file run-v4.pdb (PDB, C-alpha atoms and all ligand atoms)
ATOM      1  CA  MET N 701     103.143  73.558 113.537  1.00  0.00           C
ATOM      2  CA  GLU N 702     102.429  70.830 110.988  1.00  0.00           C
ATOM      3  CA  ARG N 703      98.911  70.235 109.676  1.00  0.00           C
ATOM      4  CA  SER N 704      98.831  66.730 111.200  1.00  0.00           C
ATOM      5  CA  GLU N 705      99.803  68.072 114.618  1.00  0.00           C
ATOM      6  CA  TYR N 706      97.005  70.688 114.579  1.00  0.00           C
ATOM      7  CA  LEU N 707      94.485  68.092 113.420  1.00  0.00           C
ATOM      8  CA  GLU N 708      95.520  65.694 116.165  1.00  0.00           C
ATOM      9  CA  ARG N 709      95.131  68.419 118.789  1.00  0.00           C
ATOM     10  CA  ILE N 710      91.653  69.514 117.692  1.00  0.00           C
ATOM     11  CA  LYS N 711      90.245  66.017 117.043  1.00  0.00           C
ATOM     12  CA  SER N 712      89.702  65.268 120.744  1.00  0.00           C
ATOM     13  CA  ARG N 713      87.812  68.556 121.258  1.00  0.00           C
ATOM     14  CA  MET N 714      84.897  67.736 118.932  1.00  0.00           C
ATOM     15  CA  PRO N 715      82.661  64.901 117.694  1.00  0.00           C
ATOM     16  CA  GLU N 716      83.653  63.038 114.501  1.00  0.00           C
ATOM     17  CA  LYS N 717      81.058  64.921 112.434  1.00  0.00           C
ATOM     18  CA  ARG N 718      82.529  68.324 113.357  1.00  0.00           C
ATOM     19  CA  PHE N 719      86.028  67.025 112.619  1.00  0.00           C
ATOM     20  CA  ILE N 720      84.904  65.939 109.145  1.00  0.00           C
ATOM     21  CA  HIS N 721      83.327  69.404 108.646  1.00  0.00           C
ATOM     22  CA  THR N 722      86.645  70.972 109.688  1.00  0.00           C
ATOM     23  CA  ILE N 723      88.559  68.919 107.087  1.00  0.00           C
ATOM     24  CA  GLY N 724      86.017  70.071 104.477  1.00  0.00           C
ATOM     25  CA  VAL N 725      86.506  73.717 105.475  1.00  0.00           C
ATOM     26  CA  MET N 726      90.288  73.239 105.356  1.00  0.00           C
ATOM     27  CA  GLU N 727      90.274  71.785 101.830  1.00  0.00           C
ATOM     28  CA  THR N 728      87.822  74.410 100.551  1.00  0.00           C
ATOM     29  CA  ALA N 729      89.725  77.285 102.180  1.00  0.00           C
ATOM     30  CA  ILE N 730      93.073  76.154 100.721  1.00  0.00           C
ATOM     31  CA  GLN N 731      91.528  75.955  97.242  1.00  0.00           C
ATOM     32  CA  LEU N 732      89.994  79.448  97.574  1.00  0.00           C
ATOM     33  CA  ALA N 733      93.266  80.848  98.946  1.00  0.00           C
ATOM     34  CA  GLU N 734      95.146  79.525  95.942  1.00  0.00           C
ATOM     35  CA  LYS N 735      92.512  80.889  93.557  1.00  0.00           C
ATOM     36  CA  TYR N 736      92.370  84.362  95.136  1.00  0.00           C
ATOM     37  CA  GLY N 737      96.045  84.783  95.990  1.00  0.00           C
ATOM     38  CA  ALA N 738      95.799  84.485  99.775  1.00  0.00           C
ATOM     39  CA  ASP N 739      98.313  82.761 102.043  1.00  0.00           C
ATOM     40  CA  MET N 740      97.415  79.060 101.714  1.00  0.00           C
ATOM     41  CA  LYS N 741      99.131  78.051 104.948  1.00  0.00           C
ATOM     42  CA  ALA N 742      97.246  80.783 106.850  1.00  0.00           C
ATOM     43  CA  ALA N 743      93.987  79.550 105.297  1.00  0.00           C
ATOM     44  CA  GLU N 744      94.824  75.992 106.374  1.00  0.00           C
ATOM     45  CA  THR N 745      95.561  77.025 109.972  1.00  0.00           C
ATOM     46  CA  ALA N 746      92.510  79.291 110.311  1.00  0.00           C
ATOM     47  CA  ALA N 747      90.239  76.589 108.872  1.00  0.00           C
ATOM     48  CA  ILE N 748      91.562  73.863 111.167  1.00  0.00           C
ATOM     49  CA  LEU N 749      91.059  76.058 114.238  1.00  0.00           C
ATOM     50  CA  HIS N 750      87.843  77.894 113.249  1.00  0.00           C
ATOM     51  CA  ASP N 751      85.483  75.663 115.305  1.00  0.00           C
ATOM     52  CA  VAL N 752      87.951  74.793 118.081  1.00  0.00           C
ATOM     53  CA  ALA N 753      85.580  76.319 120.691  1.00  0.00           C
ATOM     54  CA  LYS N 754      82.365  74.881 119.208  1.00  0.00           C
ATOM     55  CA  TYR N 755      81.918  72.423 122.095  1.00  0.00           C
ATOM     56  CA  ALA N 756      83.472  74.487 124.862  1.00  0.00           C
ATOM     57  CA  ASP N 757      81.375  75.021 127.977  1.00  0.00           C
ATOM     58  CA  GLU N 758      79.201  78.140 127.671  1.00  0.00           C
ATOM     59  CA  GLU N 759      79.933  79.375 131.200  1.00  0.00           C
ATOM     60  CA  TRP N 760      83.666  78.870 130.654  1.00  0.00           C
ATOM     61  CA  MET N 761      83.437  80.886 127.408  1.00  0.00           C
ATOM     62  CA  LYS N 762      81.688  83.717 129.256  1.00  0.00           C
ATOM     63  CA  THR N 763      84.421  83.672 131.896  1.00  0.00           C
ATOM     64  CA  ILE N 764      87.011  84.060 129.119  1.00  0.00           C
ATOM     65  CA  VAL N 765      85.012  86.997 127.672  1.00  0.00           C
ATOM     66  CA  LYS N 766      84.940  88.718 131.086  1.00  0.00           C
ATOM     67  CA  GLU N 767      88.489  87.993 132.206  1.00  0.00           C
ATOM     68  CA  HIS N 768      90.237  88.729 128.923  1.00  0.00           C
ATOM     69  CA  GLY N 769      88.372  91.812 127.760  1.00  0.00           C
ATOM     70  CA  LEU N 770      86.507  90.354 124.767  1.00  0.00           C
ATOM     71  CA  ASP N 771      83.498  92.334 123.454  1.00  0.00           C
ATOM     72  CA  PRO N 772      81.091  92.520 126.447  1.00  0.00           C
ATOM     73  CA  ARG N 773      78.071  92.278 124.111  1.00  0.00           C
ATOM     74  CA  LEU N 774      79.003  88.574 123.757  1.00  0.00           C
ATOM     75  CA  LEU N 775      77.747  87.943 127.314  1.00  0.00           C
ATOM     76  CA  ASP N 776      74.142  88.297 126.124  1.00  0.00           C
ATOM     77  CA  TRP N 777      74.540  85.596 123.446  1.00  0.00           C
ATOM     78  CA  GLY N 778      74.863  81.812 123.328  1.00  0.00           C
ATOM     79  CA  PRO N 779      77.539  79.380 122.129  1.00  0.00           C
ATOM     80  CA  GLU N 780      76.733  79.921 118.432  1.00  0.00           C
ATOM     81  CA  ILE N 781      77.983  83.519 118.705  1.00  0.00           C
ATOM     82  CA  LEU N 782      80.586  82.918 121.435  1.00  0.00           C
ATOM     83  CA  HIS N 783      82.565  80.115 119.751  1.00  0.00           C
ATOM     84  CA  GLY N 784      84.194  82.346 117.102  1.00  0.00           C
ATOM     85  CA  PRO N 785      85.654  85.019 119.410  1.00  0.00           C
ATOM     86  CA  VAL N 786      86.536  82.449 122.087  1.00  0.00           C
ATOM     87  CA  GLY N 787      88.017  80.181 119.392  1.00  0.00           C
ATOM     88  CA  ALA N 788      90.328  83.041 118.399  1.00  0.00           C
ATOM     89  CA  TRP N 789      91.325  83.403 122.065  1.00  0.00           C
ATOM     90  CA  ILE N 790      92.134  79.666 122.238  1.00  0.00           C
ATOM     91  CA  ALA N 791      94.106  79.864 118.971  1.00  0.00           C
ATOM     92  CA  GLU N 792      96.189  82.711 120.369  1.00  0.00           C
ATOM     93  CA  ASN N 793      96.658  81.365 123.873  1.00  0.00           C
ATOM     94  CA  GLU N 794      96.699  77.581 123.491  1.00  0.00           C
ATOM     95  CA  PHE N 795      98.029  77.273 119.940  1.00  0.00           C
ATOM     96  CA  GLN N 796     100.341  80.328 120.004  1.00  0.00           C
ATOM     97  CA  ILE N 797      98.909  81.812 116.801  1.00  0.00           C
ATOM     98  CA  ASP N 798     100.167  85.395 116.519  1.00  0.00           C
ATOM     99  CA  ASN N 799      98.998  86.171 112.972  1.00  0.00           C
ATOM    100  CA  GLU N 800      96.178  88.708 113.531  1.00  0.00           C
ATOM    101  CA  ASP N 801      94.579  87.898 110.151  1.00  0.00           C
ATOM    102  CA  ILE N 802      94.251  84.208 111.127  1.00  0.00           C
ATOM    103  CA  LEU N 803      92.839  85.207 114.534  1.00  0.00           C
ATOM    104  CA  ASN N 804      90.292  87.546 112.906  1.00  0.00           C
ATOM    105  CA  ALA N 805      89.265  84.877 110.401  1.00  0.00           C
ATOM    106  CA  ILE N 806      88.464  82.566 113.343  1.00  0.00           C
ATOM    107  CA  ARG N 807      86.911  85.394 115.418  1.00  0.00           C
ATOM    108  CA  TYR N 808      84.483  86.496 112.675  1.00  0.00           C
ATOM    109  CA  HIS N 809      83.793  83.177 110.917  1.00  0.00           C
ATOM    110  CA  THR N 810      80.187  83.002 112.207  1.00  0.00           C
ATOM    111  CA  THR N 811      79.040  86.619 111.877  1.00  0.00           C
ATOM    112  CA  GLY N 812      81.360  88.137 109.299  1.00  0.00           C
ATOM    113  CA  ARG N 813      81.981  91.859 109.858  1.00  0.00           C
ATOM    114  CA  ALA N 814      82.423  95.095 107.902  1.00  0.00           C
ATOM    115  CA  ASN N 815      85.685  95.430 105.941  1.00  0.00           C
ATOM    116  CA  MET N 816      86.676  91.770 105.970  1.00  0.00           C
ATOM    117  CA  SER N 817      90.131  90.739 104.771  1.00  0.00           C
ATOM    118  CA  THR N 818      90.500  88.222 101.937  1.00  0.00           C
ATOM    119  CA  LEU N 819      91.355  85.490 104.451  1.00  0.00           C
ATOM    120  CA  GLU N 820      88.319  86.333 106.606  1.00  0.00           C
ATOM    121  CA  LYS N 821      86.045  86.066 103.550  1.00  0.00           C
ATOM    122  CA  ILE N 822      87.640  82.772 102.535  1.00  0.00           C
ATOM    123  CA  ILE N 823      87.045  81.177 105.950  1.00  0.00           C
ATOM    124  CA  TYR N 824      83.482  82.548 106.195  1.00  0.00           C
ATOM    125  CA  ILE N 825      82.610  81.223 102.735  1.00  0.00           C
ATOM    126  CA  ALA N 826      84.483  77.901 103.092  1.00  0.00           C
ATOM    127  CA  ASP N 827      82.611  77.255 106.360  1.00  0.00           C
ATOM    128  CA  MET N 828      79.337  77.686 104.510  1.00  0.00           C
ATOM    129  CA  ILE N 829      80.049  75.779 101.267  1.00  0.00           C
ATOM    130  CA  GLU N 830      82.400  72.948 102.298  1.00  0.00           C
ATOM    131  CA  PRO N 831      81.405  69.629 100.648  1.00  0.00           C
ATOM    132  CA  ASN N 832      79.555  68.219 103.681  1.00  0.00           C
ATOM    133  CA  ARG N 833      77.143  71.188 103.868  1.00  0.00           C
ATOM    134  CA  LYS N 834      73.695  70.405 102.527  1.00  0.00           C
ATOM    135  CA  PHE N 835      71.015  73.092 102.263  1.00  0.00           C
ATOM    136  CA  ASP N 836      68.876  74.610  99.533  1.00  0.00           C
ATOM    137  CA  GLY N 837      70.974  77.035  97.536  1.00  0.00           C
ATOM    138  CA  VAL N 838      74.402  75.721  98.541  1.00  0.00           C
ATOM    139  CA  GLU N 839      75.241  74.793  94.925  1.00  0.00           C
ATOM    140  CA  LYS N 840      74.678  78.395  93.822  1.00  0.00           C
ATOM    141  CA  LEU N 841      76.930  79.655  96.596  1.00  0.00           C
ATOM    142  CA  ARG N 842      79.613  77.111  95.584  1.00  0.00           C
ATOM    143  CA  ALA N 843      79.459  78.323  91.981  1.00  0.00           C
ATOM    144  CA  LYS N 844      79.688  81.979  93.058  1.00  0.00           C
ATOM    145  CA  ALA N 845      82.734  81.206  95.192  1.00  0.00           C
ATOM    146  CA  GLN N 846      84.550  80.101  92.023  1.00  0.00           C
ATOM    147  CA  GLU N 847      83.525  83.288  90.171  1.00  0.00           C
ATOM    148  CA  ASP N 848      84.127  86.204  92.510  1.00  0.00           C
ATOM    149  CA  LEU N 849      84.975  86.233  96.225  1.00  0.00           C
ATOM    150  CA  ASP N 850      83.015  89.414  97.045  1.00  0.00           C
ATOM    151  CA  LYS N 851      79.938  88.284  95.121  1.00  0.00           C
ATOM    152  CA  ALA N 852      80.106  85.010  97.044  1.00  0.00           C
ATOM    153  CA  MET N 853      80.496  86.788 100.393  1.00  0.00           C
ATOM    154  CA  ARG N 854      77.548  89.035  99.557  1.00  0.00           C
ATOM    155  CA  ALA N 855      75.381  86.032  98.701  1.00  0.00           C
ATOM    156  CA  CYS N 856      76.532  84.090 101.777  1.00  0.00           C
ATOM    157  CA  ILE N 857      75.795  86.846 104.323  1.00  0.00           C
ATOM    158  CA  ARG N 858      72.417  87.459 102.678  1.00  0.00           C
ATOM    159  CA  HIS N 859      71.622  83.744 102.873  1.00  0.00           C
ATOM    160  CA  SER N 860      72.676  83.585 106.547  1.00  0.00           C
ATOM    161  CA  LEU N 861      70.613  86.578 107.636  1.00  0.00           C
ATOM    162  CA  ALA N 862      67.588  85.495 105.584  1.00  0.00           C
ATOM    163  CA  PHE N 863      67.768  82.125 107.375  1.00  0.00           C
ATOM    164  CA  LEU N 864      67.926  83.811 110.781  1.00  0.00           C
ATOM    165  CA  VAL N 865      64.931  86.018 109.984  1.00  0.00           C
ATOM    166  CA  GLU N 866      63.002  83.073 108.544  1.00  0.00           C
ATOM    167  CA  THR N 867      63.636  81.008 111.692  1.00  0.00           C
ATOM    168  CA  LYS N 868      62.851  83.989 113.971  1.00  0.00           C
ATOM    169  CA  GLN N 869      66.322  84.198 115.510  1.00  0.00           C
ATOM    170  CA  PRO N 870      67.938  87.369 116.851  1.00  0.00           C
ATOM    171  CA  ILE N 871      70.756  88.835 114.749  1.00  0.00           C
ATOM    172  CA  TYR N 872      74.057  89.771 116.334  1.00  0.00           C
ATOM    173  CA  PRO N 873      74.907  93.443 115.505  1.00  0.00           C
ATOM    174  CA  VAL N 874      78.223  92.499 113.892  1.00  0.00           C
ATOM    175  CA  SER N 875      76.357  90.249 111.411  1.00  0.00           C
ATOM    176  CA  ILE N 876      74.225  93.250 110.449  1.00  0.00           C
ATOM    177  CA  GLU N 877      77.337  95.407 110.018  1.00  0.00           C
ATOM    178  CA  CYS N 878      78.645  92.765 107.626  1.00  0.00           C
ATOM    179  CA  TYR N 879      75.370  92.682 105.684  1.00  0.00           C
ATOM    180  CA  ASN N 880      75.266  96.507 105.452  1.00  0.00           C
ATOM    181  CA  ASP N 881      78.846  96.573 104.208  1.00  0.00           C
ATOM    182  CA  TYR N 882      77.701  94.516 101.186  1.00  0.00           C
ATOM    183  CA  TYR N 883      74.279  96.110 100.615  1.00  0.00           C
ATOM    184  CA  LYS N 884      74.647  99.789 101.456  1.00  0.00           C
TER     185      LYS N 884
HETATM  186  P1  LIG H   1      79.341  76.128 112.315  1.00  0.00           P
HETATM  187  O1  LIG H   1      80.007  76.508 113.612  1.00  0.00           O
HETATM  188  O2  LIG H   1      80.262  75.461 111.362  1.00  0.00           O
HETATM  189  O3  LIG H   1      78.077  75.347 112.519  1.00  0.00           O
HETATM  190  O4  LIG H   1      78.884  77.485 111.570  1.00  0.00           O
HETATM  191  P2  LIG H   1      78.882  78.996 112.059  1.00  0.00           P
HETATM  192  O5  LIG H   1      79.898  79.226 113.105  1.00  0.00           O
HETATM  193  O6  LIG H   1      78.998  79.822 110.820  1.00  0.00           O
HETATM  194  O7  LIG H   1      77.421  79.228 112.616  1.00  0.00           O
HETATM  195  C1  LIG H   1      76.960  78.689 113.818  1.00  0.00           C
HETATM  196  C2  LIG H   1      75.508  79.062 113.999  1.00  0.00           C
HETATM  197  O8  LIG H   1      75.386  80.447 114.282  1.00  0.00           O
HETATM  198  C3  LIG H   1      74.617  78.793 112.786  1.00  0.00           C
HETATM  199  O9  LIG H   1      73.488  78.068 113.225  1.00  0.00           O
HETATM  200  C4  LIG H   1      74.214  80.167 112.314  1.00  0.00           C
HETATM  201  O10 LIG H   1      72.922  80.196 111.767  1.00  0.00           O
HETATM  202  C5  LIG H   1      74.265  80.956 113.603  1.00  0.00           C
HETATM  203  N1  LIG H   1      74.426  82.407 113.429  1.00  0.00           N
HETATM  204  C6  LIG H   1      75.212  83.091 112.548  1.00  0.00           C
HETATM  205  N2  LIG H   1      75.050  84.424 112.684  1.00  0.00           N
HETATM  206  C7  LIG H   1      74.155  84.602 113.677  1.00  0.00           C
HETATM  207  C8  LIG H   1      73.544  85.744 114.281  1.00  0.00           C
HETATM  208  O11 LIG H   1      73.800  86.904 113.946  1.00  0.00           O
HETATM  209  N3  LIG H   1      72.619  85.494 115.264  1.00  0.00           N
HETATM  210  C9  LIG H   1      72.291  84.231 115.678  1.00  0.00           C
HETATM  211  N4  LIG H   1      71.377  84.102 116.639  1.00  0.00           N
HETATM  212  N5  LIG H   1      72.853  83.149 115.146  1.00  0.00           N
HETATM  213  C10 LIG H   1      73.763  83.319 114.166  1.00  0.00           C
HETATM  214 FE    FE H   2      81.541  77.897 113.644  1.00  0.00          FE
HETATM  215 FE    FE H   3      79.586  80.149 108.930  1.00  0.00          FE
HETATM  216 FE    FE H   4      82.338  75.624 110.986  1.00  0.00          FE
END
call {"tool": "encode", "arguments": {"input": "run-v4.pdb", "output": "structure tokens", "more": "lines below"}}
Ligand code: GDP
Ligand code: FE
Ligand code: FE
Ligand code: FE
result
Amino acid sequence: MERSEYLERIKSRMPEKRFIHTIGVMETAIQLAEKYGADMKAAETAAILHDVAKYADEEWMKTIVKEHGLDPRLLDWGPEILHGPVGAWIAENEFQIDNEDILNAIRYHTTGRANMSTLEKIIYIADMIEPNRKFDGVEKLRAKAQEDLDKAMRACIRHSLAFLVETKQPIYPVSIECYNDYYK
């Protein structure tokens, strides 16, 4: 499918602000894919679809988890954790994506995981550093992303978990597995 066709199909599923974020992730992911020798078209597709489930109904997402055998631990978590795995399900079933690397990049874009592929790292990092993101330390993460993909991933997962601890939020086990993969 063409880029414009994907963009048209996701636009109606999210507010303007999220669509602009998605374009930012797409442009960042394509640049990182070129730099680190990943499939640029796969990066484009994964980026466009990464937040496709961001505004899906929580109960509907839990129904998908139950009926289609997604990780049952997801049932104890809210939309922030559900939208990655359910987004991958939508990409596979509504957008006919059959590239498992693209599906995993969407599935793990919020939490990361242990043993991430290059594409998974690119989408995780692009989601965090795209030009519309504004938080203390984002410039450092942007600079790291141009130096070394693993160093950037290490800094990004540390930043994410530090934020969750600081704001007293529970941490999904898969996020911890990702952190341990970089710090053990
Ligand atoms: P977005 O969809 O583009 O806003 O970005 P993400 O999908 O990366 O993250 C969505 C939200 O999930 C953010 O507010 C993160 O802080 C949050 N998040 C990421 N990992 C975890 C986790 O392990 N536990 C919890 N509770 N929230 C998380
Ligand atoms: Fe997301
Ligand atoms: Fe993210
Ligand atoms: Fe996002």
call {"tool": "closest_atom_pairs", "arguments": {"input": "run-v4.pdb", "of": "chain N", "to": "ligand FE 2 (chain H)", "cutoff": "7 Å", "atoms": "all atoms listed in the file", "output": "CSV"}}
result
residue,atom,partner,partner_atom,distance
N:His750,CA,H:FE2,FE,6.3
N:Asp751,CA,H:FE2,FE,4.8
N:Lys754,CA,H:FE2,FE,6.4
N:His783,CA,H:FE2,FE,6.6
N:Gly784,CA,H:FE2,FE,6.2
N:His809,CA,H:FE2,FE,6.4
N:Thr810,CA,H:FE2,FE,5.5
call {"tool": "closest_residue", "arguments": {"input": "run-v4.pdb", "among": "N:Glu780, N:Glu866, N:Ile723, N:Leu775", "to": "Glu708 (chain N)", "atoms": "only C-alpha atoms"}}
result
N:Ile723
call {"tool": "atom_distance", "arguments": {"input": "run-v4.pdb", "atom1": "CA of Thr867 (chain N)", "atom2": "CA of Pro715 (chain N)"}}
result
25.6 Å
call {"tool": "residues_around", "arguments": {"input": "run-v4.pdb", "residues": "Glu792 (chain N)", "least_positions_apart": "5", "cutoff": "8 Å", "atoms": "only C-alpha atoms", "output": "mmCIF file with C-alpha atoms, in the frame of the given file"}}
result
data_model
loop_
_atom_site.group_PDB
_atom_site.id
_atom_site.type_symbol
_atom_site.label_atom_id
_atom_site.label_comp_id
_atom_site.auth_asym_id
_atom_site.auth_seq_id
_atom_site.Cartn_x
_atom_site.Cartn_y
_atom_site.Cartn_z
ATOM 1 C CA ILE N 797 98.909 81.812 116.801
ATOM 2 C CA ASP N 798 100.167 85.395 116.519
ATOM 3 C CA LEU N 803 92.839 85.207 114.534
#
call {"tool": "closest_residue", "arguments": {"input": "run-v4.pdb", "among": "N:Arg842, N:Arg713, N:Lys741, N:Arg813", "to": "Met828 (chain N)", "atoms": "only C-alpha atoms"}}
result
N:Arg842
call {"tool": "residues_around", "arguments": {"input": "run-v4.pdb", "residues": "Met726 (chain N)", "least_positions_apart": "4", "cutoff": "12 Å", "atoms": "only C-alpha atoms", "output": "ChimeraX atom specification"}}
result
/N:703,706-707,719-722,730-733,740-751,822-832
call {"tool": "resolve_selection", "arguments": {"input": "run-v4.pdb", "expression": "the PyMOL selection byres (((chain N and resi 762-769) around 10) and not hetatm)", "output": "ChimeraX atom specification"}}
result
/N:757-761,770-779,782,785-786,789-790
call {"tool": "closest_residue", "arguments": {"input": "run-v4.pdb", "among": "N:Thr811, N:Ser704, N:Asn804, N:Gln846", "to": "ligand LIG 1 (chain H)", "atoms": "all atoms listed in the file"}}
result
N:Thr811
call {"tool": "closest_residue", "arguments": {"input": "run-v4.pdb", "among": "N:Lys851, N:Lys884, N:Lys735, N:Arg833", "to": "ligand LIG 1 (chain H)", "atoms": "only C-alpha atoms and all ligand atoms"}}
result
N:Arg833
call {"tool": "atom_distance", "arguments": {"input": "run-v4.pdb", "atom1": "CA of Met701 (chain N)", "atom2": "atom C1 of ligand LIG 1 (chain H)"}}
result
26.7 Å
call {"tool": "decode", "arguments": {"input": "run-v4.pdb", "residues": "region 832-854 of chain N", "atoms": "N, CA and C atoms", "output": "JSON list (two decimals), in the first residue's frame"}}
result
[["chain", "number", "residue", "atom", "x", "y", "z"],
["N", 832, "ASN", "N", 8.16, 16.74, 17.36],
["N", 832, "ASN", "CA", 7.11, 17.37, 18.16],
["N", 832, "ASN", "C", 7.19, 17.03, 19.65],
["N", 833, "ARG", "N", 8.09, 16.10, 20.02],
["N", 833, "ARG", "CA", 8.24, 15.74, 21.44],
["N", 833, "ARG", "C", 9.02, 16.83, 22.16],
["N", 834, "LYS", "N", 8.51, 17.22, 23.32],
["N", 834, "LYS", "CA", 9.19, 18.24, 24.11],
["N", 834, "LYS", "C", 9.26, 17.80, 25.55],
["N", 835, "PHE", "N", 10.42, 17.40, 26.02],
["N", 835, "PHE", "CA", 10.62, 17.12, 27.45],
["N", 835, "PHE", "C", 12.09, 17.31, 27.76],
["N", 836, "ASP", "N", 12.38, 17.52, 29.04],
["N", 836, "ASP", "CA", 13.78, 17.72, 29.45],
["N", 836, "ASP", "C", 14.61, 16.51, 29.06],
["N", 837, "GLY", "N", 15.68, 16.74, 28.35],
["N", 837, "GLY", "CA", 16.57, 15.64, 27.99],
["N", 837, "GLY", "C", 16.35, 15.11, 26.59],
["N", 838, "VAL", "N", 15.31, 15.59, 25.91],
["N", 838, "VAL", "CA", 15.04, 15.04, 24.56],
["N", 838, "VAL", "C", 16.17, 15.34, 23.58],
["N", 839, "GLU", "N", 16.82, 16.52, 23.74],
["N", 839, "GLU", "CA", 17.91, 16.88, 22.82],
["N", 839, "GLU", "C", 19.08, 15.90, 22.93],
["N", 840, "LYS", "N", 19.37, 15.48, 24.16],
["N", 840, "LYS", "CA", 20.44, 14.50, 24.38],
["N", 840, "LYS", "C", 20.10, 13.17, 23.71],
["N", 841, "LEU", "N", 18.85, 12.77, 23.84],
["N", 841, "LEU", "CA", 18.42, 11.51, 23.23],
["N", 841, "LEU", "C", 18.49, 11.62, 21.70],
["N", 842, "ARG", "N", 18.13, 12.78, 21.16],
["N", 842, "ARG", "CA", 18.21, 12.99, 19.70],
["N", 842, "ARG", "C", 19.66, 12.88, 19.23],
["N", 843, "ALA", "N", 20.57, 13.47, 19.99],
["N", 843, "ALA", "CA", 21.99, 13.42, 19.61],
["N", 843, "ALA", "C", 22.50, 11.98, 19.67],
["N", 844, "LYS", "N", 22.13, 11.25, 20.72],
["N", 844, "LYS", "CA", 22.56, 9.85, 20.85],
["N", 844, "LYS", "C", 22.05, 9.00, 19.70],
["N", 845, "ALA", "N", 20.83, 9.29, 19.26],
["N", 845, "ALA", "CA", 20.24, 8.51, 18.15],
["N", 845, "ALA", "C", 21.06, 8.65, 16.87],
["N", 846, "GLN", "N", 21.77, 9.75, 16.73],
["N", 846, "GLN", "CA", 22.61, 9.95, 15.53],
["N", 846, "GLN", "C", 24.01, 9.36, 15.72],
["N", 847, "GLU", "N", 24.32, 8.94, 16.96],
["N", 847, "GLU", "CA", 25.65, 8.38, 17.24],
["N", 847, "GLU", "C", 25.68, 6.87, 17.17],
["N", 848, "ASP", "N", 24.71, 6.26, 17.90],
["N", 848, "ASP", "CA", 24.76, 4.80, 18.10],
["N", 848, "ASP", "C", 23.36, 4.35, 18.53],
["N", 849, "LEU", "N", 22.78, 3.44, 17.76],
["N", 849, "LEU", "CA", 21.39, 3.03, 17.99],
["N", 849, "LEU", "C", 21.21, 2.35, 19.35],
["N", 850, "ASP", "N", 22.16, 1.50, 19.75],
["N", 850, "ASP", "CA", 22.03, 0.80, 21.04],
["N", 850, "ASP", "C", 22.23, 1.75, 22.23],
["N", 851, "LYS", "N", 23.17, 2.67, 22.08],
["N", 851, "LYS", "CA", 23.35, 3.67, 23.14],
["N", 851, "LYS", "C", 22.08, 4.50, 23.30],
["N", 852, "ALA", "N", 21.46, 4.83, 22.17],
["N", 852, "ALA", "CA", 20.22, 5.62, 22.21],
["N", 852, "ALA", "C", 19.09, 4.82, 22.86],
["N", 853, "MET", "N", 18.99, 3.54, 22.50],
["N", 853, "MET", "CA", 17.93, 2.69, 23.06],
["N", 853, "MET", "C", 18.12, 2.56, 24.57],
["N", 854, "ARG", "N", 19.35, 2.37, 24.98],
["N", 854, "ARG", "CA", 19.69, 2.26, 26.40],
["N", 854, "ARG", "C", 19.29, 3.53, 27.16]]
